[in-house]
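What follows is start_3.pdb (PDB, C-alpha atoms (C1' of nucleotides)).
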ATOM      1  CA  MET H   1      -0.229 -27.269  38.974
ATOM      2  CA  GLU H   2       1.990 -24.483  37.711
ATOM      3  CA  ASN H   3       0.251 -24.590  34.368
ATOM      4  CA  LYS H   4      -1.893 -21.493  33.921
ATOM      5  CA  ARG H   5      -4.893 -21.586  31.668
ATOM      6  CA  PRO H   6      -4.206 -19.789  28.399
ATOM      7  CA  PHE H   7      -7.032 -17.422  29.142
ATOM      8  CA  SER H   8      -5.443 -15.997  32.283
ATOM      9  CA  GLU H   9      -2.081 -15.916  30.603
ATOM     10  CA  ALA H  10      -3.300 -13.649  27.843
ATOM     11  CA  ILE H  11      -4.846 -11.362  30.455
ATOM     12  CA  GLU H  12      -1.551 -11.315  32.307
ATOM     13  CA  ARG H  13       0.430 -10.276  29.272
ATOM     14  CA  LEU H  14      -1.973  -7.470  28.538
ATOM     15  CA  LYS H  15      -1.898  -6.182  32.096
ATOM     16  CA  GLU H  16       1.877  -6.319  32.181
ATOM     17  CA  VAL H  17       2.118  -3.800  29.358
ATOM     18  CA  GLY H  18      -0.738  -1.671  30.615
ATOM     19  CA  LEU H  19      -3.381  -2.504  28.053
ATOM     20  CA  ARG H  20      -6.861  -3.230  29.269
ATOM     21  CA  PRO H  21      -8.050  -6.746  28.572
ATOM     22  CA  THR H  22     -11.036  -5.837  26.458
ATOM     23  CA  ARG H  23     -13.001  -8.490  24.675
ATOM     24  CA  GLN H  24     -11.358  -7.779  21.307
ATOM     25  CA  ARG H  25      -7.818  -7.480  22.613
ATOM     26  CA  LEU H  26      -8.172 -10.618  24.621
ATOM     27  CA  ALA H  27      -9.456 -12.596  21.661
ATOM     28  CA  LEU H  28      -6.552 -11.418  19.496
ATOM     29  CA  ALA H  29      -4.023 -11.982  22.263
ATOM     30  CA  ARG H  30      -5.165 -15.561  22.685
ATOM     31  CA  LEU H  31      -4.925 -16.218  18.954
ATOM     32  CA  LEU H  32      -1.450 -14.733  18.902
ATOM     33  CA  PHE H  33       0.150 -16.011  22.069
ATOM     34  CA  ASP H  34      -1.509 -19.303  22.855
ATOM     35  CA  GLY H  35       0.443 -22.087  21.269
ATOM     36  CA  GLY H  36       3.869 -21.231  20.023
ATOM     37  CA  GLU H  37       5.537 -18.685  17.802
ATOM     38  CA  ARG H  38       3.629 -17.191  14.931
ATOM     39  CA  HIS H  39       3.952 -14.957  11.891
ATOM     40  CA  VAL H  40       0.667 -13.353  10.937
ATOM     41  CA  THR H  41      -0.583 -10.600   8.709
ATOM     42  CA  ALA H  42      -3.389  -8.347   9.880
ATOM     43  CA  GLU H  43      -5.669  -9.904   7.312
ATOM     44  CA  GLN H  44      -4.915 -13.442   8.461
ATOM     45  CA  LEU H  45      -5.530 -12.612  12.087
ATOM     46  CA  HIS H  46      -8.751 -10.884  11.215
ATOM     47  CA  ASN H  47     -10.010 -13.985   9.447
ATOM     48  CA  GLU H  48      -9.065 -16.173  12.371
ATOM     49  CA  ALA H  49     -10.886 -13.887  14.754
ATOM     50  CA  LEU H  50     -14.041 -13.998  12.640
ATOM     51  CA  GLY H  51     -13.721 -17.758  12.328
ATOM     52  CA  ALA H  52     -13.644 -18.006  16.092
ATOM     53  CA  GLU H  53     -16.131 -16.195  18.277
ATOM     54  CA  SER H  54     -15.231 -12.532  18.081
ATOM     55  CA  ARG H  55     -16.762  -9.766  16.037
ATOM     56  CA  VAL H  56     -13.665  -7.578  15.438
ATOM     57  CA  SER H  57     -13.179  -5.056  12.655
ATOM     58  CA  LEU H  58     -10.047  -5.149  10.513
ATOM     59  CA  ALA H  59      -9.210  -1.653  11.726
ATOM     60  CA  THR H  60      -9.222  -2.854  15.301
ATOM     61  CA  VAL H  61      -6.919  -5.687  14.324
ATOM     62  CA  TYR H  62      -4.478  -3.147  12.914
ATOM     63  CA  ASN H  63      -4.794  -0.891  15.937
ATOM     64  CA  THR H  64      -4.270  -3.788  18.287
ATOM     65  CA  LEU H  65      -1.293  -5.184  16.381
ATOM     66  CA  ASN H  66       0.306  -1.751  16.446
ATOM     67  CA  GLN H  67      -0.314  -1.384  20.164
ATOM     68  CA  PHE H  68       1.124  -4.833  20.836
ATOM     69  CA  THR H  69       4.130  -3.986  18.704
ATOM     70  CA  GLN H  70       4.693  -0.719  20.505
ATOM     71  CA  ALA H  71       4.356  -2.509  23.825
ATOM     72  CA  GLY H  72       7.037  -4.977  22.783
ATOM     73  CA  LEU H  73       4.746  -7.982  22.580
ATOM     74  CA  LEU H  74       5.216  -8.245  18.824
ATOM     75  CA  ARG H  75       7.771  -7.351  16.220
ATOM     76  CA  GLU H  76       6.879  -6.140  12.746
ATOM     77  CA  VAL H  77       8.690  -7.593   9.749
ATOM     78  CA  VAL H  78       8.329  -5.932   6.365
ATOM     79  CA  VAL H  79       9.192  -8.172   3.459
ATOM     80  CA  GLU H  80       7.634  -6.552   0.431
ATOM     81  CA  PRO H  81       5.473  -3.525  -0.282
ATOM     82  CA  GLY H  82       2.022  -4.147   1.088
ATOM     83  CA  ARG H  83       2.948  -7.248   3.025
ATOM     84  CA  SER H  84       4.042  -6.979   6.589
ATOM     85  CA  TYR H  85       4.061  -9.693   9.181
ATOM     86  CA  PHE H  86       3.764  -9.536  12.911
ATOM     87  CA  ASP H  87       6.094 -11.923  14.671
ATOM     88  CA  THR H  88       5.396 -13.195  18.174
ATOM     89  CA  ASN H  89       9.106 -13.843  18.579
ATOM     90  CA  THR H  90      10.406 -10.508  19.809
ATOM     91  CA  GLY H  91      13.976 -11.560  20.543
ATOM     92  CA  GLU H  92      16.859 -10.894  18.163
ATOM     93  CA  HIS H  93      16.669 -13.281  15.273
ATOM     94  CA  HIS H  94      16.487 -13.335  11.497
ATOM     95  CA  HIS H  95      14.316 -14.635   8.670
ATOM     96  CA  PHE H  96      14.065 -16.697   5.551
ATOM     97  CA  TYR H  97      11.538 -15.258   3.131
ATOM     98  CA  HIS H  98      10.119 -17.155   0.184
ATOM     99  CA  ASP H  99       8.821 -14.684  -2.390
ATOM    100  CA  GLY H 100       6.502 -16.997  -4.228
ATOM    101  CA  SER H 101       4.550 -18.357  -1.293
ATOM    102  CA  GLY H 102       5.038 -15.471   1.105
ATOM    103  CA  GLU H 103       6.281 -17.898   3.733
ATOM    104  CA  LEU H 104       8.369 -16.386   6.506
ATOM    105  CA  ARG H 105      10.542 -18.597   8.673
ATOM    106  CA  ASP H 106      12.617 -17.797  11.724
ATOM    107  CA  ILE H 107      16.381 -18.109  11.903
ATOM    108  CA  PRO H 108      17.799 -18.143  15.444
ATOM    109  CA  ARG H 109      20.234 -15.354  16.227
ATOM    110  CA  GLU H 110      23.165 -17.727  16.693
ATOM    111  CA  ALA H 111      22.705 -19.302  13.278
ATOM    112  CA  ILE H 112      24.221 -16.255  11.605
ATOM    113  CA  GLU H 113      27.543 -14.794  12.628
ATOM    114  CA  LEU H 114      27.858 -11.131  11.851
ATOM    115  CA  HIS H 115      31.370  -9.781  12.013
ATOM    116  CA  ARG H 116      32.748  -6.348  11.432
ATOM    117  CA  LEU H 117      29.581  -4.308  11.485
ATOM    118  CA  PRO H 118      30.236  -0.837  10.115
ATOM    119  CA  ALA H 119      29.929   2.102  12.489
ATOM    120  CA  PRO H 120      26.688   4.040  12.046
ATOM    121  CA  PRO H 121      26.780   7.666  10.910
ATOM    122  CA  SER H 122      27.898   9.833  13.809
ATOM    123  CA  GLY H 123      25.175  10.901  16.195
ATOM    124  CA  GLN H 124      23.334   7.665  15.505
ATOM    125  CA  ALA H 125      23.240   4.348  17.307
ATOM    126  CA  ILE H 126      22.362   0.867  16.119
ATOM    127  CA  ARG H 127      18.914  -0.146  17.265
ATOM    128  CA  ARG H 128      18.667  -3.531  15.583
ATOM    129  CA  VAL H 129      20.284  -5.611  12.880
ATOM    130  CA  GLU H 130      17.911  -7.485  10.605
ATOM    131  CA  VAL H 131      18.927 -10.137   8.139
ATOM    132  CA  ILE H 132      16.476 -11.384   5.552
ATOM    133  CA  ILE H 133      17.584 -14.304   3.422
ATOM    134  CA  ARG H 134      15.424 -14.326   0.331
ATOM    135  CA  VAL H 135      14.963 -17.787  -1.089
ATOM    136  CA  GLU H 136      13.367 -19.214  -4.214
ATOM    137  CA  ASP H 137      12.495 -22.653  -5.524
ATOM    138  CA  GLU H 138      15.411 -24.513  -7.058
TER
ATOM    139  CA  MET Q   1      36.220  11.807 -26.078
ATOM    140  CA  GLU Q   2      35.002   8.546 -24.584
ATOM    141  CA  ASN Q   3      32.466  10.439 -22.540
ATOM    142  CA  LYS Q   4      28.977   9.774 -23.851
ATOM    143  CA  ARG Q   5      26.282  12.310 -23.363
ATOM    144  CA  PRO Q   6      23.910  11.295 -20.552
ATOM    145  CA  PHE Q   7      21.067  11.281 -23.048
ATOM    146  CA  SER Q   8      22.535   8.543 -25.236
ATOM    147  CA  GLU Q   9      23.603   6.614 -22.162
ATOM    148  CA  ALA Q  10      20.076   6.399 -20.858
ATOM    149  CA  ILE Q  11      18.916   5.217 -24.284
ATOM    150  CA  GLU Q  12      21.652   2.593 -24.271
ATOM    151  CA  ARG Q  13      20.642   1.194 -20.931
ATOM    152  CA  LEU Q  14      17.040   0.937 -21.997
ATOM    153  CA  LYS Q  15      17.923  -0.800 -25.250
ATOM    154  CA  GLU Q  16      20.211  -3.221 -23.457
ATOM    155  CA  VAL Q  17      17.326  -4.566 -21.419
ATOM    156  CA  GLY Q  18      14.867  -4.476 -24.302
ATOM    157  CA  LEU Q  19      12.676  -1.588 -23.204
ATOM    158  CA  ARG Q  20      11.735   0.990 -25.797
ATOM    159  CA  PRO Q  21      13.084   4.436 -25.086
ATOM    160  CA  THR Q  22       9.772   6.219 -24.874
ATOM    161  CA  ARG Q  23       9.610   9.835 -23.810
ATOM    162  CA  GLN Q  24       8.491   8.960 -20.265
ATOM    163  CA  ARG Q  25      10.906   6.117 -19.718
ATOM    164  CA  LEU Q  26      13.772   8.157 -21.018
ATOM    165  CA  ALA Q  27      12.975  11.053 -18.735
ATOM    166  CA  LEU Q  28      12.816   8.760 -15.709
ATOM    167  CA  ALA Q  29      15.949   6.866 -16.741
ATOM    168  CA  ARG Q  30      17.886  10.112 -16.955
ATOM    169  CA  LEU Q  31      16.703  11.216 -13.542
ATOM    170  CA  LEU Q  32      17.677   7.855 -12.103
ATOM    171  CA  PHE Q  33      20.945   7.028 -13.787
ATOM    172  CA  ASP Q  34      22.586  10.339 -14.633
ATOM    173  CA  GLY Q  35      24.813  11.346 -11.791
ATOM    174  CA  GLY Q  36      25.604   8.725  -9.223
ATOM    175  CA  GLU Q  37      23.812   6.262  -7.007
ATOM    176  CA  ARG Q  38      20.372   7.078  -5.750
ATOM    177  CA  HIS Q  39      17.608   5.921  -3.427
ATOM    178  CA  VAL Q  40      14.199   7.159  -4.508
ATOM    179  CA  THR Q  41      10.582   6.489  -3.732
ATOM    180  CA  ALA Q  42       8.027   6.488  -6.541
ATOM    181  CA  GLU Q  43       6.543   9.672  -5.135
ATOM    182  CA  GLN Q  44       9.895  11.458  -5.088
ATOM    183  CA  LEU Q  45      10.710  10.499  -8.636
ATOM    184  CA  HIS Q  46       7.284  11.600  -9.781
ATOM    185  CA  ASN Q  47       7.824  15.022  -8.275
ATOM    186  CA  GLU Q  48      11.214  15.324  -9.896
ATOM    187  CA  ALA Q  49       9.754  14.408 -13.260
ATOM    188  CA  LEU Q  50       7.043  17.036 -12.932
ATOM    189  CA  GLY Q  51       9.584  19.576 -11.803
ATOM    190  CA  ALA Q  52      11.566  18.896 -14.954
ATOM    191  CA  GLU Q  53       9.928  18.788 -18.360
ATOM    192  CA  SER Q  54       7.905  15.593 -18.457
ATOM    193  CA  ARG Q  55       4.224  15.044 -17.958
ATOM    194  CA  VAL Q  56       4.242  11.572 -16.383
ATOM    195  CA  SER Q  57       1.537  10.040 -14.244
ATOM    196  CA  LEU Q  58       2.374   8.497 -10.910
ATOM    197  CA  ALA Q  59       1.049   5.179 -12.205
ATOM    198  CA  THR Q  60       3.547   5.268 -15.036
ATOM    199  CA  VAL Q  61       6.303   5.982 -12.556
ATOM    200  CA  TYR Q  62       5.331   2.842 -10.653
ATOM    201  CA  ASN Q  63       5.064   0.781 -13.831
ATOM    202  CA  THR Q  64       8.416   2.014 -15.026
ATOM    203  CA  LEU Q  65      10.159   1.450 -11.711
ATOM    204  CA  ASN Q  66       8.808  -2.091 -11.645
ATOM    205  CA  GLN Q  67       9.965  -2.724 -15.198
ATOM    206  CA  PHE Q  68      13.404  -1.352 -14.420
ATOM    207  CA  THR Q  69      13.564  -3.506 -11.319
ATOM    208  CA  GLN Q  70      12.549  -6.606 -13.223
ATOM    209  CA  ALA Q  71      15.122  -5.812 -15.892
ATOM    210  CA  GLY Q  72      17.821  -5.597 -13.237
ATOM    211  CA  LEU Q  73      18.411  -1.872 -13.569
ATOM    212  CA  LEU Q  74      17.095  -1.195 -10.074
ATOM    213  CA  ARG Q  75      16.716  -2.975  -6.801
ATOM    214  CA  GLU Q  76      13.761  -2.506  -4.477
ATOM    215  CA  VAL Q  77      14.336  -2.048  -0.771
ATOM    216  CA  VAL Q  78      11.403  -2.271   1.630
ATOM    217  CA  VAL Q  79      12.035  -0.651   4.970
ATOM    218  CA  GLU Q  80       8.627  -0.109   6.505
ATOM    219  CA  PRO Q  81       5.025  -0.635   5.520
ATOM    220  CA  GLY Q  82       4.163   1.844   2.820
ATOM    221  CA  ARG Q  83       7.688   2.975   2.207
ATOM    222  CA  SER Q  84       9.801   1.279  -0.405
ATOM    223  CA  TYR Q  85      12.857   2.667  -2.083
ATOM    224  CA  PHE Q  86      14.346   1.940  -5.452
ATOM    225  CA  ASP Q  87      18.111   1.725  -5.367
ATOM    226  CA  THR Q  88      20.225   2.356  -8.463
ATOM    227  CA  ASN Q  89      22.956   0.268  -6.893
ATOM    228  CA  THR Q  90      22.046  -3.242  -7.990
ATOM    229  CA  GLY Q  91      25.156  -5.012  -6.713
ATOM    230  CA  GLU Q  92      25.177  -6.931  -3.441
ATOM    231  CA  HIS Q  93      25.298  -4.506  -0.576
ATOM    232  CA  HIS Q  94      23.446  -3.569   2.584
ATOM    233  CA  HIS Q  95      21.747  -0.604   4.236
ATOM    234  CA  PHE Q  96      21.527   1.673   7.203
ATOM    235  CA  TYR Q  97      17.992   2.862   7.778
ATOM    236  CA  HIS Q  98      17.071   5.770  10.012
ATOM    237  CA  ASP Q  99      13.455   5.420  11.123
ATOM    238  CA  GLY Q 100      12.843   8.996  12.055
ATOM    239  CA  SER Q 101      14.045  10.673   8.881
ATOM    240  CA  GLY Q 102      13.519   7.799   6.468
ATOM    241  CA  GLU Q 103      17.099   8.144   5.305
ATOM    242  CA  LEU Q 104      18.553   5.084   3.613
ATOM    243  CA  ARG Q 105      22.313   4.752   3.249
ATOM    244  CA  ASP Q 106      24.381   2.148   1.438
ATOM    245  CA  ILE Q 107      26.799  -0.210   3.152
ATOM    246  CA  PRO Q 108      29.312  -1.881   0.804
ATOM    247  CA  ARG Q 109      29.164  -5.665   0.713
ATOM    248  CA  GLU Q 110      32.659  -6.046   2.187
ATOM    249  CA  ALA Q 111      31.831  -3.921   5.214
ATOM    250  CA  ILE Q 112      29.830  -6.753   6.746
ATOM    251  CA  GLU Q 113      31.193 -10.255   7.140
ATOM    252  CA  LEU Q 114      28.527 -12.909   7.219
ATOM    253  CA  HIS Q 115      29.660 -16.276   8.458
ATOM    254  CA  ARG Q 116      27.820 -19.504   8.888
ATOM    255  CA  LEU Q 117      24.674 -18.799   6.938
ATOM    256  CA  PRO Q 118      22.045 -21.416   7.699
ATOM    257  CA  ALA Q 119      21.007 -23.766   4.902
ATOM    258  CA  PRO Q 120      17.658 -22.861   3.364
ATOM    259  CA  PRO Q 121      14.720 -25.261   3.625
ATOM    260  CA  SER Q 122      15.270 -28.138   1.226
ATOM    261  CA  GLY Q 123      14.136 -27.516  -2.317
ATOM    262  CA  GLN Q 124      14.943 -23.852  -1.938
ATOM    263  CA  ALA Q 125      18.000 -21.815  -2.848
ATOM    264  CA  ILE Q 126      19.303 -18.519  -1.514
ATOM    265  CA  ARG Q 127      18.582 -15.700  -3.910
ATOM    266  CA  ARG Q 128      19.939 -12.796  -1.889
ATOM    267  CA  VAL Q 129      20.990 -11.880   1.620
ATOM    268  CA  GLU Q 130      19.848  -8.490   2.824
ATOM    269  CA  VAL Q 131      21.063  -6.794   5.956
ATOM    270  CA  ILE Q 132      19.283  -3.728   7.267
ATOM    271  CA  ILE Q 133      20.882  -1.967  10.211
ATOM    272  CA  ARG Q 134      18.220   0.136  11.847
ATOM    273  CA  VAL Q 135      19.626   3.205  13.550
ATOM    274  CA  GLU Q 136      18.223   5.930  15.763
ATOM    275  CA  ASP Q 137      19.450   9.248  17.152
ATOM    276  CA  GLU Q 138      21.600   8.912  20.246
TER
ATOM    277  C1'  DA I   1     -25.598   5.996  41.663
ATOM    278  C1'  DA I   2     -24.638  10.037  38.633
ATOM    279  C1'  DA I   3     -21.276  12.778  36.487
ATOM    280  C1'  DT I   4     -16.998  13.245  34.529
ATOM    281  C1'  DT I   5     -12.848  11.707  32.460
ATOM    282  C1'  DC I   6     -10.174   8.700  29.918
ATOM    283  C1'  DA I   7      -9.657   4.676  26.801
ATOM    284  C1'  DT I   8     -11.345   1.842  22.942
ATOM    285  C1'  DT I   9     -13.705   0.743  18.805
ATOM    286  C1'  DA I  10     -14.831   0.630  13.996
ATOM    287  C1'  DG I  11     -16.814   3.284  10.049
ATOM    288  C1'  DA I  12     -15.094   6.384   7.018
ATOM    289  C1'  DA I  13     -11.175   8.551   4.885
ATOM    290  C1'  DC I  14      -6.633   8.215   3.068
ATOM    291  C1'  DA I  15      -2.488   6.584   0.717
ATOM    292  C1'  DA I  16       0.206   3.255  -1.869
ATOM    293  C1'  DT I  17       0.012   0.321  -5.629
ATOM    294  C1'  DT I  18      -1.996  -2.253  -9.499
ATOM    295  C1'  DC I  19      -5.221  -3.153 -13.331
ATOM    296  C1'  DT I  20      -7.183  -2.500 -17.785
ATOM    297  C1'  DA I  21      -9.080  -0.145 -21.500
ATOM    298  C1'  DA I  22      -7.583   3.442 -24.555
ATOM    299  C1'  DA I  23      -3.738   5.493 -27.135
ATOM    300  C1'  DC I  24       0.319   5.041 -29.349
ATOM    301  C1'  DT I  25       4.201   2.882 -32.018
ATOM    302  C1'  DA I  26       6.196  -0.382 -34.989
ATOM    303  C1'  DT I  27       5.731  -3.789 -38.510
ATOM    304  C1'  DT I  28       3.802  -6.020 -42.474
ATOM    305  C1'  DG I  29       1.777  -6.363 -46.985
ATOM    306  C1'  DA I  30       0.068  -4.125 -51.024
TER
ATOM    307  C1'  DT V   1       4.808   4.791 -49.545
ATOM    308  C1'  DC V   2       0.898   4.165 -47.056
ATOM    309  C1'  DA V   3      -3.012   1.394 -44.700
ATOM    310  C1'  DA V   4      -4.012  -2.336 -41.842
ATOM    311  C1'  DT V   5      -2.712  -4.996 -38.076
ATOM    312  C1'  DA V   6      -0.318  -6.513 -34.053
ATOM    313  C1'  DG V   7       2.020  -5.497 -30.213
ATOM    314  C1'  DT V   8       3.395  -2.134 -26.605
ATOM    315  C1'  DT V   9       2.848   1.708 -23.495
ATOM    316  C1'  DT V  10       0.235   4.881 -20.817
ATOM    317  C1'  DA V  11      -2.609   6.744 -17.218
ATOM    318  C1'  DG V  12      -7.450   7.022 -15.265
ATOM    319  C1'  DA V  13      -9.973   4.234 -12.470
ATOM    320  C1'  DA V  14     -10.173   0.634  -9.178
ATOM    321  C1'  DT V  15      -8.225  -2.008  -5.529
ATOM    322  C1'  DT V  16      -5.866  -2.909  -1.474
ATOM    323  C1'  DG V  17      -3.425  -1.885   2.825
ATOM    324  C1'  DT V  18      -3.442   1.234   6.582
ATOM    325  C1'  DT V  19      -4.668   5.148   9.548
ATOM    326  C1'  DC V  20      -7.760   8.748  11.528
ATOM    327  C1'  DT V  21     -11.475  10.412  14.297
ATOM    328  C1'  DA V  22     -16.023  10.738  15.931
ATOM    329  C1'  DA V  23     -18.906   7.843  18.597
ATOM    330  C1'  DT V  24     -19.068   4.368  22.148
ATOM    331  C1'  DG V  25     -17.924   2.215  26.296
ATOM    332  C1'  DA V  26     -15.523   1.629  30.642
ATOM    333  C1'  DA V  27     -13.480   3.317  34.877
ATOM    334  C1'  DT V  28     -13.180   6.749  38.560
ATOM    335  C1'  DT V  29     -14.618  10.336  41.596
ATOM    336  C1'  DT V  30     -17.947  12.573  44.376
TER
END
Would you mind writing the structure in this file as structure tokens?
Amino acid sequence: MENKRPFSEAIERLKEVGLRPTRQRLALARLLFDGGERHVTAEQLHNEALGAESRVSLATVYNTLNQFTQAGLLREVVVEPGRSYFDTNTGEHHHFYHDGSGELRDIPREAIELHRLPAPPSGQAIRRVEVIIRVEDE
Amino acid sequence: MENKRPFSEAIERLKEVGLRPTRQRLALARLLFDGGERHVTAEQLHNEALGAESRVSLATVYNTLNQFTQAGLLREVVVEPGRSYFDTNTGEHHHFYHDGSGELRDIPREAIELHRLPAPPSGQAIRRVEVIIRVEDE
DNA sequence: AAATTCATTAGAACAATTCTAAACTATTGA
DNA sequence: TCAATAGTTTAGAATTGTTCTAATGAATTT
């Protein structure tokens, strides 16, 4: 079978970016990367980790999320002060954000056509274009 | 002369939205609205207020900025965790953001053409579309 | 296997933001 | 006009989100 066990897959991803597969990192990596795309806050992930097997401090969750982000395994999305999400989808794409519930939802890159982007101030280059569509209940 | 003194203008704007022109609010309103468009953090505005005449606590600066935002006098722009700006330009427009320096720069609405916006999840309506172009030094 | 070096963890510290009780201002009734 | 009352505003204290750093643990060299 080509199908790798999730466990080994998480290890693989960590090794690829040069992060040692420690107990804590591995537990978080499995929660994040096994089973589809996710948007999580540090707090949420921490609770999940506690709910499962692993004794991990919230600080370690933050550290790990930041390392993963820096390594390109995650992308951080800031939607309001004191609420940032980590998105397992690292490709170019956009988001719906619902203020009331805090729900964040992906929009594929092709779903929005951006024309006529303005040139950045001289000496600067565009790193990424982020669109957030803020929605509310009708 | 048609030209109102900045002082009365700030009072006017406060009255229009039903906020009493208290000493603190007035001082902050003048700093914000006299003389062109601005992007400020709460911290920055607090320092400016201290530098001028007014004894205002940082908490009051936050309260006031939130009230102004709710009243439609300001718009909040969140660019990274722990860094949100208040923008005196409340019309629809977009932003360049430079990570290194924290500089935020307006992009007029017409400078970006957005085609084919996806429909929001049913039961929800689009409240605002925000584009942030993240730039870095070349 | 012991010693040394480098990486990782999480408690403690810090910073941004909000909450609430106290202070102030306006309004009402005498 | 002046108290009494009701409503509003303010800012110190508390809370929450995030980062820092000293202690711990793992890997490597001899």
#### Entry: Near-Asn47 in chain H list (12 Å; only C-alpha atoms (C1' of nucleotides); drop same-chain fewer than 3 positions) as a list in words
Leu28, Leu31, Val40, Thr41, Ala42, Glu43, Gln44, Leu50, Gly51, Ala52, Glu53, Ser54, Arg55, Val56, Ser57, Leu58 and Val61 of chain H
Interface rows for chain V against chain H: nearest pair, Å to one decimal, 10 Å, all atoms listed in the file, as CSV:
residue,atom,partner,partner_atom,distance
V:DT16,C1',H:Gly82,CA,8.4
V:DG17,C1',H:Gly82,CA,6.1
V:DT18,C1',H:Tyr62,CA,7.8
V:DT19,C1',H:Ala59,CA,8.5
V:DA26,C1',H:Thr22,CA,9.7
For the residues in the current selection, export C-alpha atoms (C1' of nucleotides) as a PDB file, in the coordinates of the input.
ATOM      1  C1'  DT V  16      -5.866  -2.909  -1.474  1.00  0.00           C
ATOM      2  C1'  DG V  17      -3.425  -1.885   2.825  1.00  0.00           C
ATOM      3  C1'  DT V  18      -3.442   1.234   6.582  1.00  0.00           C
ATOM      4  C1'  DT V  19      -4.668   5.148   9.548  1.00  0.00           C
ATOM      5  C1'  DA V  26     -15.523   1.629  30.642  1.00  0.00           C
TER       6       DA V  26
END
### Given the PyMOL selection byres ((chain I and resi 27) around 10), the residues it picks as a list in words
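In the shown coordinates, the PyMOL selection byres ((chain I and resi 27) around 10) covers DT25, DA26, DT28 and DG29 of chain I; DT5, DA6 and DG7 of chain V.
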#### Entry: Nearest to chain H by atom-to-atom distance, counting all atoms listed in the file, from I:DA1, I:DA12, I:DA23, I:DA30
I:DA12
### Query
Applied to this file, what does the PyMOL selection byres ((chain I) within 10 of (chain H)) return in terms of residues, put as a PyMOL selection string?
chain I and resi 7-11+16-17
Written file, previous selection with C-alpha atoms (C1' of nucleotides), as a PDB file, in the frame of the given file:
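So again-v5.pdb came out as:
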ATOM      1  C1'  DA I   7      -9.657   4.676  26.801  1.00  0.00           C
ATOM      2  C1'  DT I   8     -11.345   1.842  22.942  1.00  0.00           C
ATOM      3  C1'  DT I   9     -13.705   0.743  18.805  1.00  0.00           C
ATOM      4  C1'  DA I  10     -14.831   0.630  13.996  1.00  0.00           C
ATOM      5  C1'  DG I  11     -16.814   3.284  10.049  1.00  0.00           C
ATOM      6  C1'  DA I  16       0.206   3.255  -1.869  1.00  0.00           C
ATOM      7  C1'  DT I  17       0.012   0.321  -5.629  1.00  0.00           C
TER       8       DT I  17
END
### Expected answer as a ChimeraX atom specification: chain Q residues within 8 Å of chain H, all atoms listed in the file
/Q:78-84,96,107,111-118,120,123-138
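From CA of Leu65 in chain H back to C1' of DA27 in chain V, the distance works out to 23.7 Å.
Using all atoms listed in the file for every distance, the candidate list Q:Leu32, Q:Arg23, Q:Glu103, Q:Glu12 yields Q:Arg23 as the residue closest to DC24 in chain I.
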#### Entry: Interatomic distance, CA of Pro21 in chain H to C1' of DA3 in chain I (Å, one decimal)
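Between these atoms lies a distance of 24.9 Å.
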#### Entry: Length of the CA of Gly35 in chain H to CA of Thr88 in chain H vector [Å]
10.6 Å
Each side padded by 5 Å, which centre and which edge lengths in Å (one decimal) define the axis-aligned box around the listed atoms of range 64-73 of chain H? Give them as lines of an AutoDock Vina configuration file.
center_x = 1.4
center_y = -4.4
center_z = 20.1
size_x = 21.3
size_y = 17.3
size_z = 17.4
Taking the file as shown, what set of residues would the PyMOL selection byres ((chain I and resi 19) around 9) give back, as a compact mmCIF listing (two decimals) with C-alpha atoms (C1' of nucleotides), keeping the file's coordinate frame?
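Written out: out_26.txt:
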# COMPACT_ATOMS: atom_id res chain seq x y z
C1' DT I 18 -2.00 -2.25 -9.50
C1' DT I 20 -7.18 -2.50 -17.78
C1' DA V 13 -9.97 4.23 -12.47
C1' DA V 14 -10.17 0.63 -9.18
C1' DT V 15 -8.22 -2.01 -5.53
May I ask you to restore N, CA and C atoms in range 39-47 of chain Q and write the result as an mmCIF file, keeping the file's coordinate frame?
data_model
loop_
_atom_site.group_PDB
_atom_site.id
_atom_site.type_symbol
_atom_site.label_atom_id
_atom_site.label_comp_id
_atom_site.auth_asym_id
_atom_site.auth_seq_id
_atom_site.Cartn_x
_atom_site.Cartn_y
_atom_site.Cartn_z
ATOM 1 N N HIS Q 39 18.721 6.636 -4.047
ATOM 2 C CA HIS Q 39 17.608 5.921 -3.427
ATOM 3 C C HIS Q 39 16.382 6.793 -3.587
ATOM 4 N N VAL Q 40 15.403 6.349 -4.337
ATOM 5 C CA VAL Q 40 14.199 7.159 -4.508
ATOM 6 C C VAL Q 40 12.932 6.373 -4.273
ATOM 7 N N THR Q 41 11.918 7.063 -3.778
ATOM 8 C CA THR Q 41 10.582 6.489 -3.732
ATOM 9 C C THR Q 41 9.875 6.890 -5.028
ATOM 10 N N ALA Q 42 8.799 6.187 -5.339
ATOM 11 C CA ALA Q 42 8.027 6.488 -6.541
ATOM 12 C C ALA Q 42 7.542 7.936 -6.492
ATOM 13 N N GLU Q 43 7.051 8.308 -5.349
ATOM 14 C CA GLU Q 43 6.543 9.672 -5.135
ATOM 15 C C GLU Q 43 7.617 10.728 -5.435
ATOM 16 N N GLN Q 44 8.783 10.532 -4.863
ATOM 17 C CA GLN Q 44 9.895 11.458 -5.088
ATOM 18 C C GLN Q 44 10.212 11.608 -6.567
ATOM 19 N N LEU Q 45 10.345 10.474 -7.226
ATOM 20 C CA LEU Q 45 10.710 10.499 -8.636
ATOM 21 C C LEU Q 45 9.634 11.188 -9.456
ATOM 22 N N HIS Q 46 8.394 10.940 -9.092
ATOM 23 C CA HIS Q 46 7.284 11.600 -9.781
ATOM 24 C C HIS Q 46 7.391 13.114 -9.666
ATOM 25 N N ASN Q 47 7.659 13.581 -8.473
ATOM 26 C CA ASN Q 47 7.824 15.022 -8.275
ATOM 27 C C ASN Q 47 8.966 15.586 -9.091
#
